[in-house]
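S.K.: Before I ask anything, here is the structure I am working with.
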Amino acid sequence: MTRDEIVEKLRDLMKRSSQAEIDWDAVTERSEILALGIDSLAMLDLIYDVQQEFALEFEAEELLEVKTVGDLASFFEQRMAGRTS
Amino acid sequence: MPRTIQHLAEYGLAGTLLGIVDVLPLPIAVSAARGLGRLWYRVDARRRRVAVDNVVRAGIAPSAAQAALIARASFEHFAVLLAESLKSRRAFNRPDWRDRIEWGIPPELEAILEEPGRGVLLASGHLGNWETAAQLLSRTKPVVGVTRRMNNPYVERLIRKRKPTGAFTLTPKRSADSGRFLRALKEGKILALLIDQHAPRGRIQVNFFGRPCTSYTAIALLHLVTQAPLCFGYCVRTGLMRFRFKATGPLSHPRTGDKERDVREILESLNRELEEAVRAYPEQYLWAHRRWRGERPAPGPS
């Protein structure tokens with residue numbers, strides 16, 4: 001999966017979890033996750049979805065430091081690279 | 001009455017009552033609280049109707065008259081809960097505090113609670129004395145309770161000043177810090193959530209006493225994404241400042257990929273545990289809160 005595909009996938013998942021009215025086409029890698037209406041509950045929803053969609057096992061607490069969509073994409077890119085290497 | 005004046009009047013009343021409870025000996029404070037609870041039941045017609053209606057809906061009492069008796073006992077219990085919670089800091093700082101509590105925890109769960117650094121999810125309800133449960137548990141592992149801010153900011157500040165500190169802390173239900181629940185688990189704390197609160201945005205519908213109500217999904221999602229041990233527990237009153245803490249678990253539910261089904265199954269299982277506990281101690285349940293909001297009232301006395 002390319003980085004662009006990861007970002008696209010994440011955008012879809014966040015759109016599903018978020019309660020906010022957002023122009024999702026305007027969301028970029030620099031967008032802050034909190035500003036996208038991802039509160040504590042939506043964050044848990046999102047973590048469940050990404051654990052399933054990317055078929056990755058990771059500790060949910062590892063995502064505490066993730067601030068932007070780009071950070072999140074890097075997190076999964078690294079995990080997926082680790083899985084295939 | 002303008003909102004601020006009403007809030008200040010409530011603040012003055014709350015401050016006076018707290019001052020009185022502080023100076024009264026425990027048996028007298030509890031007896032006075034019981035009387036105030038009975039008075040509250042008589043004068044607050046709206047809450048009384050809600051409570052009686054809830055007992056009838058739950059099928060706890062065979063007749064409406066018995067439902068009214070349970071509802072009244074529940075009002076008394078809630079007033080006693082407040083008085084004992086206010087007095088508990090002193091009682092539980094005494095060397096004989098262990099004599100005041102009986103523990104009923106399965107050995108597997110006890111081992112988890114004693115394991116340093118292991119986060120635990122605790123589901124509970126408005127049954128018995130949940131404040132005391134958190135205080136007592138915090139002597140085994142730090143406890144983080146999730147709380148809603150009160151509508152009256154003055155009373156909120158007053159109560160917050162009185163909350164026990166140390167290993168029992170509170171975090172608001174809504175906060176910009178979206179990682180606070182995960183952090184509490186990562187830090188090896190017990191994250192305690194009350195599962196019988198109405199979820200205004202209709203998070204998910206589950207059955208409670210066989211009737212649909214909306215429920216927050218946080219505790220189920222936290223278990224699914226962290227696999228932190230999940231247990232159900234409650235602390236009932238057995239006498240004057242004496243309690244029995246009972247817990248079940250750890251429950252385990254793996255992720256299946258069907259998020260809604262996973263969440264519903266966990267919440268229904270926890271709600272069944274709560275139902276069973278409430279059936280055993282119906283007079284210690286807070287029936288006056290509107291758990292089945294949106295349903296039409298059941299027929300019964302007013």
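Lettering and numbering for the structure tokens are positional, with chains as A, B, ... in the shown order, residues counted from 1 in each chain, and ligands counted from 1 in the shown order.
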Can you list, as a ChimeraX atom specification, every protein, DNA or RNA residue that comes within 9 Å of B:Leu122 when you count only C-alpha atoms, leaving out same-chain residues fewer than 5 positions away?
M.R.: /B:190-194,219,229-233
S.K.: Please identify all residues of chain A having at least one atom at most 8 Å from any atom of chain B, considering only C-alpha atoms, and return them as a list in words.
M.R.: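 Every residue of chain A that passes the 8 Å test is in Leu34, Ile38, Asp39, Ser40, Leu41, Met43, Leu44, Asp45, Ile47, Tyr48, Gln51, Gln52, Glu59, Ala60, Glu61 and Leu64 of chain A.
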S.K.: Please identify all polymer residues within 12 Å of B:Ala68, counting only C-alpha atoms, omitting same-chain residues fewer than 6 positions from it, and present them as a PyMOL selection string.
M.R.: chain B and resi 38+41-42+47-56+60-62+74-75+282-283+287-288+300-302
S.K.: Identify, on the basis of only C-alpha atoms, every residue whose closest approach to A:Ala26 does not exceed 12 Å; exclude the query and any residue fewer than 4 positions from it along the same chain; express the result as a JSON list (two decimals) with C-alpha atoms, in the first residue's frame.
M.R.:
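Contents of the output file around-v7.json:
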[["chain", "number", "residue", "atom", "x", "y", "z"],
["A", 8, "GLU", "CA", -6.85, 8.04, 1.72],
["A", 11, "ARG", "CA", -9.38, 9.87, 5.77],
["A", 22, "ILE", "CA", -15.65, 18.70, 7.98],
["A", 30, "ARG", "CA", -0.78, 18.31, 8.07],
["A", 31, "SER", "CA", -4.33, 18.31, 9.45],
["A", 36, "LEU", "CA", -11.19, 16.75, 12.75]]
S.K.: Counting only C-alpha atoms, which of B:Pro250, B:Leu86, B:Pro25, B:His77 gets nearest to B:Ala111?
M.R.: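 Counting only C-alpha atoms, the residue closest to B:Ala111 is B:Pro250.
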S.K.: Would you mind reading off the distance between atom CA of B:Leu69 and atom CA of B:Leu240, one decimal, in Å?
M.R.: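 So the answer is 21.3 Å.
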S.K.: Could you tell me how far atom CA of B:Lys246 sits from atom CA of B:Ala277, in Å to one decimal place?
M.R.: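 It comes out at 9.3 Å.
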S.K.: Run DSSP on the backbone and grab whatever in stretch 41-187 of chain B lands in alpha helix (DSSP H); send it over as number ranges by chain.
M.R.: B: 41-43, 45-58, 64-92, 107-114, 130-137, 153-162, 180-186
S.K.: Any chance you can output those residues with C-alpha atoms as a short mmCIF file (atom, residue, chain, number, x, y, z; two decimals), in the first residue's frame?
M.R.:
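Dumped to out.cif:
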data_model
loop_
_atom_site.label_atom_id
_atom_site.label_comp_id
_atom_site.auth_asym_id
_atom_site.auth_seq_id
_atom_site.Cartn_x
_atom_site.Cartn_y
_atom_site.Cartn_z
CA TYR B 41 -39.19 11.76 48.11
CA ARG B 42 -42.33 13.54 49.32
CA VAL B 43 -41.64 16.97 47.85
CA ALA B 45 -42.91 14.83 42.64
CA ARG B 46 -41.12 14.73 39.28
CA ARG B 47 -38.22 12.60 40.52
CA ARG B 48 -40.57 10.43 42.55
CA ARG B 49 -42.63 9.67 39.44
CA VAL B 50 -39.46 8.81 37.49
CA ALA B 51 -38.22 6.50 40.25
CA VAL B 52 -41.52 4.65 40.75
CA ASP B 53 -41.98 4.39 37.00
CA ASN B 54 -38.48 2.92 36.60
CA VAL B 55 -39.06 0.30 39.31
CA VAL B 56 -42.33 -0.69 37.61
CA ARG B 57 -40.68 -0.86 34.18
CA ALA B 58 -37.86 -2.99 35.52
CA ALA B 64 -47.18 -0.48 42.19
CA ALA B 65 -47.39 0.03 45.97
CA GLN B 66 -44.27 -2.07 46.49
CA ALA B 67 -42.55 -0.18 43.69
CA ALA B 68 -43.27 3.04 45.61
CA LEU B 69 -41.69 1.55 48.76
CA ILE B 70 -38.54 0.61 46.85
CA ALA B 71 -38.40 4.06 45.26
CA ARG B 72 -38.67 5.73 48.67
CA ALA B 73 -35.95 3.50 50.12
CA SER B 74 -33.79 4.43 47.13
CA PHE B 75 -34.17 8.18 47.92
CA GLU B 76 -33.20 7.49 51.55
CA HIS B 77 -30.25 5.41 50.44
CA PHE B 78 -29.00 8.16 48.12
CA ALA B 79 -29.12 10.74 50.94
CA VAL B 80 -27.26 8.31 53.25
CA LEU B 81 -24.72 7.70 50.46
CA LEU B 82 -23.99 11.44 50.34
CA ALA B 83 -23.60 11.69 54.11
CA GLU B 84 -21.36 8.62 54.36
CA SER B 85 -19.26 9.67 51.36
CA LEU B 86 -18.64 13.02 53.08
CA LYS B 87 -17.66 11.25 56.29
CA SER B 88 -15.70 8.45 54.64
CA ARG B 89 -12.32 10.18 54.44
CA ARG B 90 -12.04 10.21 58.21
CA ALA B 91 -13.41 6.67 58.63
CA PHE B 92 -11.09 5.16 56.04
CA PRO B 107 -8.90 -14.88 42.76
CA GLU B 108 -8.00 -14.31 39.08
CA LEU B 109 -9.19 -10.72 39.26
CA GLU B 110 -7.54 -10.19 42.63
CA ALA B 111 -4.21 -11.24 41.09
CA ILE B 112 -4.68 -8.73 38.25
CA LEU B 113 -5.52 -5.95 40.69
CA GLU B 114 -2.36 -6.70 42.64
CA TRP B 130 -19.84 4.01 44.01
CA GLU B 131 -17.80 6.83 45.56
CA THR B 132 -16.69 4.57 48.38
CA ALA B 133 -16.00 1.73 45.95
CA ALA B 134 -13.52 3.93 44.09
CA GLN B 135 -11.90 5.12 47.30
CA LEU B 136 -11.46 1.61 48.64
CA LEU B 137 -10.19 0.17 45.38
CA PRO B 153 -20.43 25.55 38.82
CA TYR B 154 -20.36 26.82 42.43
CA VAL B 155 -21.57 23.52 43.88
CA GLU B 156 -19.19 21.72 41.51
CA ARG B 157 -16.24 23.65 43.01
CA LEU B 158 -17.48 23.02 46.55
CA ILE B 159 -17.86 19.27 46.01
CA ARG B 160 -14.56 19.01 44.12
CA LYS B 161 -12.73 20.52 47.10
CA ARG B 162 -14.19 17.76 49.27
CA ARG B 180 -6.68 10.39 28.73
CA PHE B 181 -8.47 7.04 29.02
CA LEU B 182 -5.71 5.19 27.18
CA ARG B 183 -3.08 6.98 29.27
CA ALA B 184 -4.75 5.91 32.53
CA LEU B 185 -4.63 2.27 31.41
CA LYS B 186 -1.06 2.61 30.21
#
S.K.: Name all residues at most 10 Å from A:Met1 (count only C-alpha atoms; drop same-chain ones fewer than 4 positions away) and give them as a VMD selection string.
M.R.: chain A and resid 5 to 6 54 77 80 to 81
S.K.: Select, from A:Glu32, A:Gly37, A:Arg3, A:Leu56, the residue with the minimum atom-to-atom distance to A:Lys15, counting only C-alpha atoms.
M.R.: A:Gly37
S.K.: Taking only residues of stretch 89-167 of chain B that have an atom at most 10 Å from an atom of stretch 273-276 of chain B, what is each one's shortest atom pair and its distance in Å to one decimal, using only C-alpha atoms, in chain and number order, as a tab-separated table?
M.R.:
residue	atom	partner	partner_atom	distance
B:Ala123	CA	B:Leu274	CA	9.0
B:Ser124	CA	B:Leu274	CA	7.3
B:Gly125	CA	B:Leu274	CA	6.8
B:His126	CA	B:Leu274	CA	9.4
B:Leu127	CA	B:Leu274	CA	8.5
